[in-house]
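Just coords.cif here, mmCIF, C-alpha atoms:
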data_data
#
loop_
_atom_site.label_atom_id
_atom_site.label_comp_id
_atom_site.auth_asym_id
_atom_site.auth_seq_id
_atom_site.Cartn_x
_atom_site.Cartn_y
_atom_site.Cartn_z
CA MET S 158 40.55 -139.76 -26.57
CA ASP S 159 37.55 -140.62 -28.78
CA ILE S 160 38.87 -143.39 -31.03
CA ALA S 161 35.31 -144.15 -32.12
CA LYS S 162 35.08 -140.70 -33.62
CA LEU S 163 38.32 -141.30 -35.49
CA ILE S 164 37.01 -144.55 -36.95
CA GLY S 165 33.82 -142.84 -38.09
CA LEU S 166 35.51 -140.07 -40.07
CA PRO S 167 35.01 -139.94 -43.86
CA PHE S 168 37.32 -141.98 -46.08
CA ARG S 169 38.27 -138.85 -48.00
CA TYR S 170 40.98 -138.26 -45.40
CA GLN S 171 42.70 -141.46 -46.57
CA PRO S 172 43.95 -142.54 -43.13
CA TRP S 173 45.57 -145.64 -44.61
CA ARG S 174 48.28 -143.69 -46.45
CA PRO S 175 51.66 -144.22 -44.73
CA ARG S 176 52.26 -140.54 -43.87
CA HIS S 177 48.72 -140.14 -42.53
CA LEU S 178 48.76 -143.38 -40.60
CA ARG S 179 52.04 -142.45 -38.95
CA LEU S 180 50.61 -139.15 -37.69
CA ILE S 181 47.41 -140.76 -36.44
CA THR S 182 49.29 -143.55 -34.70
CA ALA S 183 51.61 -141.08 -33.01
CA ASP S 184 48.66 -139.18 -31.54
CA ILE S 185 46.99 -142.39 -30.38
CA SER S 186 50.10 -143.72 -28.64
CA ARG S 187 51.87 -140.57 -27.46
CA PRO S 188 49.67 -137.47 -27.69
CA ALA S 189 51.52 -134.23 -27.01
CA SER S 190 54.73 -135.97 -25.97
CA GLN S 191 57.44 -134.63 -28.28
CA GLU S 192 60.67 -133.38 -26.74
CA GLN S 193 60.69 -129.68 -25.89
CA ARG S 194 63.72 -127.51 -26.59
CA ASP S 195 64.61 -123.85 -26.30
CA HIS S 196 62.35 -121.24 -27.86
CA GLY S 197 64.83 -120.40 -30.60
CA THR S 198 64.95 -123.97 -31.88
CA HIS S 199 61.16 -124.21 -32.03
CA LEU S 200 60.90 -120.76 -33.61
CA THR S 201 63.42 -121.55 -36.34
CA ALA S 202 61.56 -124.76 -37.18
CA ALA S 203 58.21 -122.95 -37.43
CA ILE S 204 59.64 -120.18 -39.62
CA ASP S 205 61.37 -122.71 -41.87
CA TRP S 206 58.06 -124.56 -42.28
CA LEU S 207 56.36 -121.28 -43.27
CA CYS S 208 59.13 -120.66 -45.81
CA ARG S 209 58.46 -124.08 -47.32
CA ALA S 210 54.76 -123.23 -47.42
CA GLN S 211 55.66 -120.15 -49.49
CA ASP S 212 58.15 -121.98 -51.69
CA VAL S 213 55.69 -124.72 -52.74
CA ARG S 214 53.69 -122.05 -54.59
CA ASP S 215 56.69 -120.66 -56.50
CA ASP S 216 55.83 -122.31 -59.83
CA LYS S 217 52.13 -121.50 -59.52
CA PRO S 218 50.11 -118.39 -60.48
CA ASP S 219 49.82 -117.55 -56.77
CA ALA S 220 53.60 -117.41 -56.25
CA GLY S 221 54.65 -115.11 -53.43
CA GLY S 222 51.77 -116.06 -51.19
CA VAL S 223 51.95 -118.67 -48.45
CA ALA S 224 50.11 -121.96 -48.92
CA ALA S 225 47.16 -122.13 -46.53
CA GLY S 226 48.69 -125.30 -45.17
CA TRP S 227 48.98 -129.00 -45.84
CA SER S 228 46.08 -131.39 -45.44
CA PHE S 229 45.46 -135.13 -45.60
CA GLU S 230 42.77 -134.53 -48.20
CA ASP S 231 44.45 -132.10 -50.61
CA GLY S 232 48.18 -131.97 -49.82
CA TRP S 233 49.64 -128.48 -50.08
CA LEU S 234 46.83 -125.94 -50.40
CA PRO S 235 46.75 -122.74 -52.52
CA SER S 236 48.19 -119.48 -51.26
CA TYR S 237 45.81 -117.91 -48.76
CA PRO S 238 45.37 -114.12 -49.03
CA GLU S 239 43.95 -113.74 -45.52
CA THR S 240 46.71 -115.44 -43.56
CA THR S 241 49.54 -114.40 -45.88
CA GLY S 242 48.52 -110.88 -44.85
CA TYR S 243 49.34 -111.36 -41.20
CA ILE S 244 52.31 -113.66 -41.81
CA ILE S 245 54.05 -110.59 -43.26
CA GLU S 246 54.40 -109.10 -39.79
CA THR S 247 55.67 -112.43 -38.41
CA PHE S 248 58.45 -112.59 -40.99
CA LEU S 249 59.49 -109.01 -40.31
CA ALA S 250 59.77 -109.73 -36.59
CA ALA S 251 61.63 -113.01 -37.16
CA ALA S 252 64.04 -111.32 -39.58
CA GLN S 253 65.25 -109.13 -36.73
CA LEU S 254 65.13 -111.65 -33.92
CA LEU S 255 66.81 -114.46 -35.87
CA ASN S 256 69.06 -112.16 -37.92
CA ARG S 257 67.63 -113.51 -41.15
CA PRO S 258 67.33 -110.62 -43.64
CA GLU S 259 66.06 -112.97 -46.35
CA LEU S 260 62.78 -113.05 -44.46
CA VAL S 261 62.29 -109.37 -45.30
CA LYS S 262 62.58 -110.22 -48.99
CA ARG S 263 59.99 -112.93 -48.49
CA ALA S 264 57.68 -110.42 -46.80
CA HIS S 265 58.06 -108.06 -49.77
CA ARG S 266 57.04 -110.91 -52.10
CA MET S 267 53.96 -111.55 -49.98
CA ILE S 268 53.03 -107.88 -50.17
CA ASP S 269 53.55 -107.79 -53.93
CA TRP S 270 51.24 -110.79 -54.32
CA GLU S 271 48.57 -109.29 -52.07
CA LEU S 272 48.63 -105.98 -53.95
CA SER S 273 48.21 -107.83 -57.24
CA LEU S 274 44.89 -109.17 -55.93
CA GLN S 275 43.26 -105.91 -54.88
CA ALA S 276 40.23 -104.87 -56.93
CA ALA S 277 39.36 -101.30 -57.93
CA ASP S 278 36.84 -101.02 -55.07
CA GLY S 279 39.55 -101.84 -52.51
CA THR S 280 38.51 -105.42 -51.88
CA PHE S 281 40.65 -108.51 -51.70
CA PRO S 282 39.29 -111.96 -52.60
CA GLY S 283 37.86 -114.18 -49.93
CA HIS S 284 39.05 -117.73 -49.28
CA PHE S 285 41.62 -118.69 -51.95
CA GLY S 286 40.21 -116.29 -54.54
CA GLU S 287 38.67 -119.14 -56.53
CA PRO S 288 35.82 -118.43 -58.96
CA GLY S 289 32.66 -117.52 -57.08
CA SER S 290 34.46 -116.35 -53.93
CA HIS S 291 33.63 -112.91 -52.61
CA PRO S 292 35.29 -110.51 -50.17
CA VAL S 293 34.97 -111.30 -46.46
CA ILE S 294 35.12 -108.64 -43.73
CA PHE S 295 37.54 -110.57 -41.51
CA ASN S 296 39.85 -111.60 -44.34
CA GLN S 297 40.00 -108.02 -45.60
CA GLY S 298 41.20 -106.91 -42.18
CA GLN S 299 43.90 -109.56 -41.91
CA ILE S 300 45.33 -108.56 -45.28
CA MET S 301 45.30 -104.97 -44.05
CA HIS S 302 47.58 -106.02 -41.17
CA GLY S 303 50.18 -106.90 -43.79
CA LEU S 304 49.67 -103.57 -45.56
CA VAL S 305 50.06 -101.66 -42.30
CA ALA S 306 53.32 -103.55 -41.69
CA GLY S 307 54.46 -102.83 -45.24
CA TYR S 308 53.89 -99.11 -44.78
CA THR S 309 55.01 -98.60 -41.17
CA GLN S 310 57.93 -101.05 -41.10
CA LEU S 311 59.10 -101.08 -44.73
CA GLY S 312 58.02 -97.59 -45.81
CA ARG S 313 56.08 -98.83 -48.83
CA GLN S 314 53.83 -96.07 -50.15
CA ASP S 315 51.86 -98.54 -52.25
CA CYS S 316 50.74 -100.19 -49.02
CA LEU S 317 49.49 -96.86 -47.68
CA ALA S 318 47.24 -96.26 -50.66
CA ALA S 319 46.03 -99.87 -50.69
CA MET S 320 45.17 -99.98 -46.99
CA ILE S 321 43.16 -96.74 -47.18
CA ARG S 322 41.09 -98.14 -50.06
CA ALA S 323 40.67 -101.45 -48.25
CA GLY S 324 39.63 -99.69 -45.07
CA GLN S 325 37.12 -97.46 -46.81
CA TRP S 326 35.42 -100.55 -48.22
CA LEU S 327 35.08 -101.90 -44.67
CA VAL S 328 33.54 -98.61 -43.56
CA ASP S 329 31.07 -98.73 -46.43
CA GLN S 330 29.82 -102.20 -45.45
CA GLN S 331 29.23 -101.38 -41.79
CA ASP S 332 25.72 -101.18 -40.34
CA ALA S 333 24.68 -98.20 -38.24
CA ASP S 334 25.14 -100.10 -34.96
CA GLY S 335 28.78 -100.86 -35.81
CA CYS S 336 28.20 -104.51 -36.70
CA TRP S 337 29.15 -106.07 -40.02
CA ARG S 338 26.41 -108.31 -41.38
CA LYS S 339 27.25 -108.28 -45.09
CA PHE S 340 30.25 -110.12 -46.56
CA GLU S 341 30.47 -112.28 -43.46
CA HIS S 342 31.69 -115.88 -43.19
CA ASN S 343 28.61 -118.14 -43.09
CA ASN S 344 26.44 -115.01 -43.44
CA THR S 345 26.50 -114.32 -39.72
CA PRO S 346 28.08 -111.49 -37.68
CA HIS S 347 31.14 -112.24 -35.58
CA VAL S 348 32.66 -110.60 -32.53
CA TYR S 349 36.07 -111.87 -33.62
CA ASN S 350 36.00 -109.20 -36.32
CA THR S 351 37.64 -107.05 -33.64
CA ARG S 352 40.88 -108.41 -35.08
CA ALA S 353 39.94 -106.82 -38.40
CA THR S 354 38.88 -103.69 -36.53
CA TRP S 355 42.39 -103.52 -35.08
CA ALA S 356 43.80 -103.32 -38.62
CA LEU S 357 41.17 -100.75 -39.62
CA LEU S 358 42.04 -98.63 -36.59
CA SER S 359 45.79 -98.95 -37.19
CA ALA S 360 45.35 -97.90 -40.81
CA GLY S 361 43.20 -94.97 -39.79
CA ILE S 362 45.73 -93.75 -37.25
CA VAL S 363 48.86 -94.01 -39.41
CA ALA S 364 47.07 -92.59 -42.48
CA GLY S 365 45.24 -89.84 -40.60
CA GLU S 366 41.85 -91.10 -41.84
CA SER S 367 39.20 -90.23 -39.24
CA ALA S 368 36.43 -92.20 -40.97
CA LEU S 369 38.37 -95.42 -40.44
CA ILE S 370 39.01 -94.61 -36.77
CA GLU S 371 35.35 -93.78 -36.11
CA ALA S 372 34.15 -96.97 -37.80
CA ALA S 373 36.52 -99.00 -35.65
CA GLY S 374 35.05 -97.47 -32.51
CA ARG S 375 31.53 -98.30 -33.63
CA ASN S 376 32.40 -101.94 -34.19
CA LEU S 377 34.16 -102.25 -30.85
CA ASP S 378 31.11 -100.88 -29.04
CA TRP S 379 28.84 -103.37 -30.80
CA ALA S 380 31.23 -106.22 -29.99
CA LEU S 381 31.41 -105.12 -26.36
CA SER S 382 27.64 -105.55 -26.13
CA GLN S 383 28.13 -109.27 -26.86
CA GLN S 384 30.29 -109.97 -23.81
CA THR S 385 28.58 -111.91 -21.02
CA ASP S 386 29.07 -111.55 -17.27
CA SER S 387 31.62 -114.39 -17.32
CA GLY S 388 33.76 -112.58 -19.89
CA TRP S 389 32.85 -114.93 -22.76
CA TYR S 390 31.75 -113.50 -26.10
CA ALA S 391 28.45 -114.44 -27.73
CA THR S 392 28.06 -114.28 -31.54
CA ASN S 393 31.67 -115.41 -31.85
CA ALA S 394 31.53 -118.84 -33.50
CA PHE S 395 31.84 -119.60 -37.19
CA VAL S 396 28.28 -120.96 -37.11
CA PRO S 397 25.39 -119.58 -35.00
CA GLN S 398 24.47 -121.53 -31.85
CA CYS S 399 27.77 -123.42 -31.84
CA ALA S 400 30.44 -122.97 -29.18
CA PRO S 401 33.26 -120.78 -30.49
CA PHE S 402 36.70 -122.25 -31.03
CA THR S 403 39.49 -121.13 -28.70
CA HIS S 404 40.87 -119.70 -31.95
CA THR S 405 38.06 -117.18 -32.43
CA ILE S 406 37.89 -116.37 -28.72
CA ALA S 407 41.57 -115.47 -28.89
CA TYR S 408 41.00 -113.37 -32.02
CA ALA S 409 38.36 -111.33 -30.19
CA ILE S 410 40.57 -110.82 -27.15
CA ARG S 411 43.55 -109.59 -29.19
CA GLY S 412 41.38 -107.20 -31.17
CA PHE S 413 39.92 -105.62 -28.06
CA LEU S 414 43.31 -105.39 -26.34
CA GLU S 415 45.22 -103.77 -29.19
CA CYS S 416 42.41 -101.36 -30.03
CA GLY S 417 42.26 -100.41 -26.37
CA VAL S 418 45.99 -99.70 -26.41
CA LEU S 419 45.77 -97.61 -29.59
CA LEU S 420 42.78 -95.61 -28.38
CA GLN S 421 43.89 -95.53 -24.74
CA GLU S 422 40.40 -96.77 -23.92
CA PRO S 423 40.18 -98.81 -20.68
CA ARG S 424 36.79 -100.34 -21.59
CA TYR S 425 38.31 -102.35 -24.40
CA ILE S 426 41.38 -103.38 -22.44
CA ASP S 427 39.17 -104.42 -19.52
CA SER S 428 37.08 -106.55 -21.87
CA ALA S 429 40.20 -108.40 -23.03
CA VAL S 430 41.39 -108.86 -19.44
CA LYS S 431 38.04 -110.24 -18.32
CA ALA S 432 37.93 -112.80 -21.12
CA ALA S 433 41.59 -113.73 -20.76
CA ARG S 434 41.22 -114.32 -17.02
CA GLY S 435 38.09 -116.37 -17.59
CA ILE S 436 39.77 -118.77 -19.98
CA ALA S 437 42.99 -118.80 -17.92
CA ALA S 438 41.02 -120.28 -15.01
CA MET S 439 40.21 -123.24 -17.27
CA GLN S 440 43.81 -123.91 -18.34
CA ARG S 441 45.24 -127.26 -17.33
CA GLN S 442 48.60 -127.38 -15.59
CA ASP S 443 50.25 -128.71 -18.76
CA GLY S 444 48.92 -125.72 -20.73
CA TRP S 445 46.05 -127.55 -22.46
CA LEU S 446 42.83 -125.73 -23.33
CA ALA S 447 39.69 -127.23 -24.81
CA GLY S 448 39.00 -126.67 -28.51
CA THR S 449 35.71 -124.85 -27.80
CA TYR S 450 34.06 -123.11 -24.85
CA ARG S 451 30.49 -122.12 -24.06
CA ASP S 452 29.42 -119.34 -21.72
CA HIS S 453 30.85 -119.47 -18.20
CA TRP S 454 33.88 -121.13 -19.83
CA GLN S 455 32.33 -124.57 -20.01
CA ALA S 456 34.60 -126.76 -22.13
CA ASP S 457 32.67 -128.18 -25.05
CA ALA S 458 35.36 -130.34 -26.68
CA GLY S 459 37.78 -133.09 -25.72
CA TYR S 460 40.50 -132.04 -28.16
CA ALA S 461 42.83 -129.03 -28.15
CA CYS S 462 42.83 -126.33 -30.84
CA LEU S 463 46.58 -125.74 -31.11
CA THR S 464 46.15 -122.49 -33.01
CA GLY S 465 43.98 -121.11 -30.23
CA ILE S 466 46.42 -122.18 -27.52
CA ALA S 467 49.28 -120.43 -29.34
CA GLN S 468 47.10 -117.33 -29.72
CA MET S 469 46.18 -117.35 -26.05
CA SER S 470 49.86 -117.61 -25.18
CA LEU S 471 50.67 -114.44 -27.07
CA ASN S 472 47.51 -112.77 -25.72
CA TRP S 473 48.57 -113.50 -22.16
CA THR S 474 52.10 -112.24 -22.82
CA ARG S 475 50.72 -109.08 -24.35
CA LEU S 476 48.35 -108.57 -21.43
CA ALA S 477 51.28 -108.94 -19.04
CA GLN S 478 53.09 -106.23 -21.02
CA VAL S 479 50.08 -103.89 -21.04
CA THR S 480 48.71 -104.44 -17.53
CA GLY S 481 51.84 -105.43 -15.61
CA ASP S 482 50.09 -108.56 -14.28
CA ALA S 483 52.91 -111.12 -14.24
CA ASP S 484 50.52 -114.02 -13.60
CA PHE S 485 49.55 -113.87 -17.25
CA ARG S 486 53.12 -114.87 -18.18
CA ASN S 487 52.70 -118.17 -16.35
CA ASN S 488 49.62 -118.92 -18.42
CA ALA S 489 51.47 -117.90 -21.58
CA ARG S 490 54.45 -120.15 -20.92
CA ALA S 491 52.33 -123.14 -19.97
CA ALA S 492 50.43 -122.73 -23.26
CA LEU S 493 53.69 -122.47 -25.18
CA ALA S 494 55.01 -125.62 -23.52
CA PHE S 495 51.95 -127.55 -24.63
CA VAL S 496 52.20 -126.46 -28.26
CA LYS S 497 55.96 -127.11 -28.23
CA SER S 498 55.27 -130.67 -27.13
CA THR S 499 53.29 -131.30 -30.32
CA GLN S 500 55.81 -129.84 -32.79
CA ARG S 501 58.06 -132.38 -34.52
CA LEU S 502 61.59 -131.00 -34.80
CA ASP S 503 63.59 -133.90 -36.25
CA ASP S 504 61.08 -135.42 -38.62
CA SER S 505 62.47 -136.52 -41.98
CA ASP S 506 59.25 -135.43 -43.67
CA PRO S 507 59.51 -131.71 -44.62
CA VAL S 508 55.72 -131.45 -44.75
CA ILE S 509 55.57 -132.20 -41.04
CA ASN S 510 58.87 -131.00 -39.58
CA GLY S 511 58.34 -127.70 -37.76
CA GLY S 512 54.65 -127.45 -38.58
CA ILE S 513 51.80 -127.17 -36.09
CA ALA S 514 48.67 -129.26 -36.55
CA GLY S 515 45.23 -127.70 -36.31
CA SER S 516 44.14 -129.96 -33.47
CA SER S 517 45.63 -132.30 -30.90
CA PRO S 518 44.84 -135.09 -31.55
CA ILE S 519 45.13 -134.37 -35.24
CA TRP S 520 41.57 -135.57 -35.93
CA GLY S 521 40.01 -132.92 -33.65
CA ASP S 522 37.31 -130.73 -35.15
CA TYR S 523 39.50 -127.68 -35.77
CA SER S 524 41.39 -127.88 -39.12
CA ARG S 525 41.07 -131.67 -38.93
CA PHE S 526 44.04 -133.55 -40.40
CA GLU S 527 45.70 -130.27 -41.41
CA TYR S 528 48.80 -128.24 -40.70
CA PRO S 529 47.38 -124.71 -41.21
CA ASN S 530 49.87 -121.94 -41.86
CA TRP S 531 48.28 -119.70 -39.23
CA ALA S 532 48.99 -122.25 -36.49
CA ALA S 533 52.73 -121.97 -37.23
CA LYS S 534 52.39 -118.18 -37.54
CA PHE S 535 50.79 -117.68 -34.13
CA PHE S 536 53.15 -120.17 -32.49
CA ALA S 537 56.10 -118.20 -33.92
CA ASP S 538 54.59 -114.93 -32.69
CA ALA S 539 54.04 -116.33 -29.21
CA LEU S 540 57.62 -117.62 -29.02
CA MET S 541 59.08 -114.29 -30.14
CA MET S 542 56.93 -112.30 -27.73
CA ASP S 543 58.08 -114.44 -24.81
CA MET S 544 61.72 -114.59 -25.94
CA ALA S 545 62.24 -110.87 -26.45
CA ASP S 546 59.32 -109.39 -24.48
CA ILE S 547 58.11 -107.60 -27.60
CA ALA S 548 54.76 -107.13 -29.28
CA VAL S 549 54.25 -108.83 -32.64
CA PRO S 550 53.36 -106.78 -34.54
CA PRO S 551 54.75 -103.66 -32.86
CA VAL S 552 52.35 -100.83 -32.11
CA PRO S 553 52.28 -99.03 -35.49
CA GLN S 554 54.18 -95.79 -35.94
CA VAL S 555 54.00 -93.47 -38.92
CA PRO S 556 57.26 -93.75 -40.92
CA SER S 557 59.58 -90.81 -40.29
CA HIS S 558 59.56 -89.79 -43.97
CA GLY S 559 55.81 -89.18 -43.70
CA HIS S 560 53.40 -89.49 -46.58
#

Can the structure from this file be put into structure tokens for me?
Amino acid sequence: MDIAKLIGLPFRYQPWRPRHLRLITADISRPASQEQRDHGTHLTAAIDWLCRAQDVRDDKPDAGGVAAGWSFEDGWLPSYPETTGYIIETFLAAAQLLNRPELVKRAHRMIDWELSLQAADGTFPGHFGEPGSHPVIFNQGQIMHGLVAGYTQLGRQDCLAAMIRAGQWLVDQQDADGCWRKFEHNNTPHVYNTRATWALLSAGIVAGESALIEAAGRNLDWALSQQTDSGWYATNAFVPQCAPFTHTIAYAIRGFLECGVLLQEPRYIDSAVKAARGIAAMQRQDGWLAGTYRDHWQADAGYACLTGIAQMSLNWTRLAQVTGDADFRNNARAALAFVKSTQRLDDSDPVINGGIAGSSPIWGDYSRFEYPNWAAKFFADALMMDMADIAVPPVPQVPSHGH
């Protein structure tokens, strides 16, 4: 553990504040050592934390959305359009599994907020929608996941119309080779956009829009060209030349896998399997994965990206479901055990109780000193997928009433 790095971090994180100091001290003295309990207990805690993250925005203009998280620097953050989009599907799954119908009402509120943000050209705001922000390809796709859930699971016709407009905007921005180079985070293309492509493809299939389906195929073929012999994906980090986070590696894998399932295309499924096996070979016995990896799965960080570990857990479970390879379930459960060991279940501080930090230790480079909402979301998804052997979200079906 690099204590020197901790000491050298900027003062803006205010490590001397009692709440912050307690979290830092806990990771210095007992990293990843919290008591583990049954999946249901951990799941309930994560969902309750996400509910609090929605409730803290109730008296704000962005009510209905889910706060991006809580950070040392800024406290509770604004509602985040991108991640609120895919939290919708998490709440719908948890409503059934935990028998909590109020979560469906919360999902409807998230959808209502998202729809209020959509512009006439089909775009949704990037980042928090602050002045000067612009649409982002990936974020657009994640919001579309929520719209697909709203239409296919809740029968909302307004979601159908919105997702078609959103998808057409994605098609319009695509280059001829299938890559997106405009409206990209840090102005660089990303393989992990396959997770947006998954939403584009889903929307195209349930809406009967061939242009959306064809655009998805073009992007997948471009992304496939970025996979190396080891199974790792190039052009997959937030910043060029940097090693991608486990988080974005997992995004790319899930996008390829689910698109392969929807299209019944073995090339895309095989790509996901190759990458998932490559990173599985690097997993420690306790479930730990490095925060970043370079080609040939060379670990490039000494901390863990908890979001990425949760995502890899659900990826491995999903791969076991799709391929029948039961070995993936062992990887998935080891990953879950590691993330469980970092979740505080009996903490008197509601900001912390049930949340999942960005990194372990908490000062790691991914979402440093933050509890991002998407970490809790993917942890909840991974728990539900292992508990009930389901896919979250389910493979989309057109509502029986049609459109």

For Ser470 of chain S, list every protein, DNA or RNA residue within 7 Å, evaluated using only C-alpha atoms, and leave out those in the same chain fewer than 3 positions away; present the list as a PyMOL selection string. chain S and resi 466-467+473-474+488-490+492-493+539

Write out the residues from the selection above, keeping C-alpha atoms, as an mmCIF file, in the coordinates of the input.
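As written to disk, result.cif reads:
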data_model
loop_
_atom_site.group_PDB
_atom_site.id
_atom_site.type_symbol
_atom_site.label_atom_id
_atom_site.label_comp_id
_atom_site.auth_asym_id
_atom_site.auth_seq_id
_atom_site.Cartn_x
_atom_site.Cartn_y
_atom_site.Cartn_z
ATOM 1 C CA ILE S 466 46.420 -122.180 -27.520
ATOM 2 C CA ALA S 467 49.280 -120.430 -29.340
ATOM 3 C CA TRP S 473 48.570 -113.500 -22.160
ATOM 4 C CA THR S 474 52.100 -112.240 -22.820
ATOM 5 C CA ASN S 488 49.620 -118.920 -18.420
ATOM 6 C CA ALA S 489 51.470 -117.900 -21.580
ATOM 7 C CA ARG S 490 54.450 -120.150 -20.920
ATOM 8 C CA ALA S 492 50.430 -122.730 -23.260
ATOM 9 C CA LEU S 493 53.690 -122.470 -25.180
ATOM 10 C CA ALA S 539 54.040 -116.330 -29.210
#

Hey, what's within 6 Å of segment 193-210 of chain S if we count all atoms listed in the file and toss same-chain stuff fewer than 5 positions away? As a list in words, please? Val223, Ala224, Lys497, Ser498, Gly511, Gly512, Ala533 and Ala537 of chain S

Find the residue from S:Ala409, S:Met439, S:Leu311, S:Ala306 that sits nearest to Asn376 of chain S; use only C-alpha atoms when measuring.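 Of all the options, S:Ala409 lies closest to Asn376 of chain S.
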
Residues of segment 256-355 of chain S within 12 Å of segment 212-222 of chain S: nearest atom pair and distance (Å, one decimal) for each, counting only C-alpha atoms, sorted by chain and number, as a Markdown table?
| residue | atom | partner | partner_atom | distance |
| --- | --- | --- | --- | --- |
| S:Lys262 | CA | S:Gly221 | CA | 10.3 |
| S:Arg263 | CA | S:Gly221 | CA | 7.6 |
| S:Ala264 | CA | S:Gly221 | CA | 8.7 |
| S:His265 | CA | S:Gly221 | CA | 8.6 |
| S:Arg266 | CA | S:Gly221 | CA | 5.0 |
| S:Met267 | CA | S:Gly221 | CA | 5.0 |
| S:Ile268 | CA | S:Gly221 | CA | 8.1 |
| S:Asp269 | CA | S:Gly221 | CA | 7.4 |
| S:Trp270 | CA | S:Gly221 | CA | 5.6 |
| S:Glu271 | CA | S:Gly222 | CA | 7.5 |
| S:Leu272 | CA | S:Gly222 | CA | 10.9 |
| S:Ser273 | CA | S:Asp219 | CA | 9.9 |
| S:Leu274 | CA | S:Asp219 | CA | 9.8 |
| S:Phe285 | CA | S:Asp219 | CA | 9.6 |
| S:Gly286 | CA | S:Asp219 | CA | 9.9 |
| S:Glu287 | CA | S:Asp219 | CA | 11.3 |
| S:Ile300 | CA | S:Gly222 | CA | 11.5 |
| S:Gly303 | CA | S:Gly222 | CA | 11.9 |

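The residues that lie within 9 Å of the point (35.0, -118.9, -25.7), counting all atoms listed in the file, are Gly388, Trp389, Tyr390, Ala391, Asn393, Ala394, Ala400, Pro401, Phe402, Thr403, His404, Thr405, Ile406, Ala407, Ala432, Ile436, Thr449, Tyr450, Arg451, Asp452, His453, Trp454, Gln455 and Ala456 of chain S.
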
Translate the PyMOL selection byres ((chain S and resi 279) around 10) into a concrete residue list for this structure, as a ChimeraX atom specification. /S:274-278,280-281,292,297,318-327

Mind listing whatever residues come within 9 Å of the point (51.0, -138.4, -34.2)? Use all atoms listed in the file, file coordinates, and give them as a count of residues only. 17

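The spacing separating atom CA of Arg174 of chain S from atom CA of Tyr460 of chain S amounts to 23.0 Å.
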
Could you pull the residues within 12 Å of Thr480 of chain S, counting all atoms listed in the file, minus those fewer than 5 positions along the same chain, as a list in words?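 Counting all atoms listed in the file, the residues come to Leu414, Gly417, Val418, Pro423, Ile426, Asp427, Ala429, Val430, Asn472, Trp473, Thr474, Arg475, Phe485 and Arg486 of chain S.
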
Would you compute the distance between atom CA of Arg411 of chain S and atom CA of Leu476 of chain S? Give it in Å to one decimal.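 Distance reported for this atom pair: 9.2 Å.
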
As an exercise, work out the distance from atom CA of Phe526 of chain S to atom CA of Asp231 of chain S in Å and give it to one decimal place. 10.3 Å

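Picked by the PyMOL selection byres ((chain S and resi 369) around 7) from the coordinates shown: Gly324, Gln325, Val328, Leu357, Leu358, Gly361, Glu366, Ser367, Ala368, Ile370, Glu371, Ala372 and Ala373 of chain S.
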
Output of the above residues as a PDB file, in the coordinates of the input, restricted to C-alpha atoms:
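Listing of out02.pdb after writing:
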ATOM      1  CA  GLY S 324      39.630 -99.690 -45.070  1.00  0.00           C
ATOM      2  CA  GLN S 325      37.120 -97.460 -46.810  1.00  0.00           C
ATOM      3  CA  VAL S 328      33.540 -98.610 -43.560  1.00  0.00           C
ATOM      4  CA  LEU S 357      41.170-100.750 -39.620  1.00  0.00           C
ATOM      5  CA  LEU S 358      42.040 -98.630 -36.590  1.00  0.00           C
ATOM      6  CA  GLY S 361      43.200 -94.970 -39.790  1.00  0.00           C
ATOM      7  CA  GLU S 366      41.850 -91.100 -41.840  1.00  0.00           C
ATOM      8  CA  SER S 367      39.200 -90.230 -39.240  1.00  0.00           C
ATOM      9  CA  ALA S 368      36.430 -92.200 -40.970  1.00  0.00           C
ATOM     10  CA  ILE S 370      39.010 -94.610 -36.770  1.00  0.00           C
ATOM     11  CA  GLU S 371      35.350 -93.780 -36.110  1.00  0.00           C
ATOM     12  CA  ALA S 372      34.150 -96.970 -37.800  1.00  0.00           C
ATOM     13  CA  ALA S 373      36.520 -99.000 -35.650  1.00  0.00           C
TER      14      ALA S 373
END

Which residue is closest to Ala545 of chain S? Choose from S:Asp457, S:Asn530, S:Gln253, S:Leu304 and count only C-alpha atoms. S:Gln253

As an mmCIF file, in the frame of the given file, could you write out segment 551-557 of chain S once it has been completed with N, CA and C atoms?
data_model
loop_
_atom_site.group_PDB
_atom_site.id
_atom_site.type_symbol
_atom_site.label_atom_id
_atom_site.label_comp_id
_atom_site.auth_asym_id
_atom_site.auth_seq_id
_atom_site.Cartn_x
_atom_site.Cartn_y
_atom_site.Cartn_z
ATOM 1 N N PRO S 551 54.572 -104.811 -33.748
ATOM 2 C CA PRO S 551 54.750 -103.660 -32.860
ATOM 3 C C PRO S 551 53.597 -102.673 -33.014
ATOM 4 N N VAL S 552 53.357 -101.881 -32.000
ATOM 5 C CA VAL S 552 52.350 -100.830 -32.110
ATOM 6 C C VAL S 552 52.750 -99.927 -33.271
ATOM 7 N N PRO S 553 51.867 -99.727 -34.249
ATOM 8 C CA PRO S 553 52.280 -99.030 -35.490
ATOM 9 C C PRO S 553 52.659 -97.575 -35.266
ATOM 10 N N GLN S 554 53.710 -97.182 -35.945
ATOM 11 C CA GLN S 554 54.180 -95.790 -35.940
ATOM 12 C C GLN S 554 54.236 -95.302 -37.371
ATOM 13 N N VAL S 555 53.902 -94.042 -37.586
ATOM 14 C CA VAL S 555 54.000 -93.470 -38.920
ATOM 15 C C VAL S 555 55.472 -93.380 -39.297
ATOM 16 N N PRO S 556 55.869 -93.858 -40.491
ATOM 17 C CA PRO S 556 57.260 -93.750 -40.920
ATOM 18 C C PRO S 556 57.764 -92.313 -40.858
ATOM 19 N N SER S 557 59.030 -92.156 -40.511
ATOM 20 C CA SER S 557 59.580 -90.810 -40.290
ATOM 21 C C SER S 557 59.556 -89.937 -41.525
#
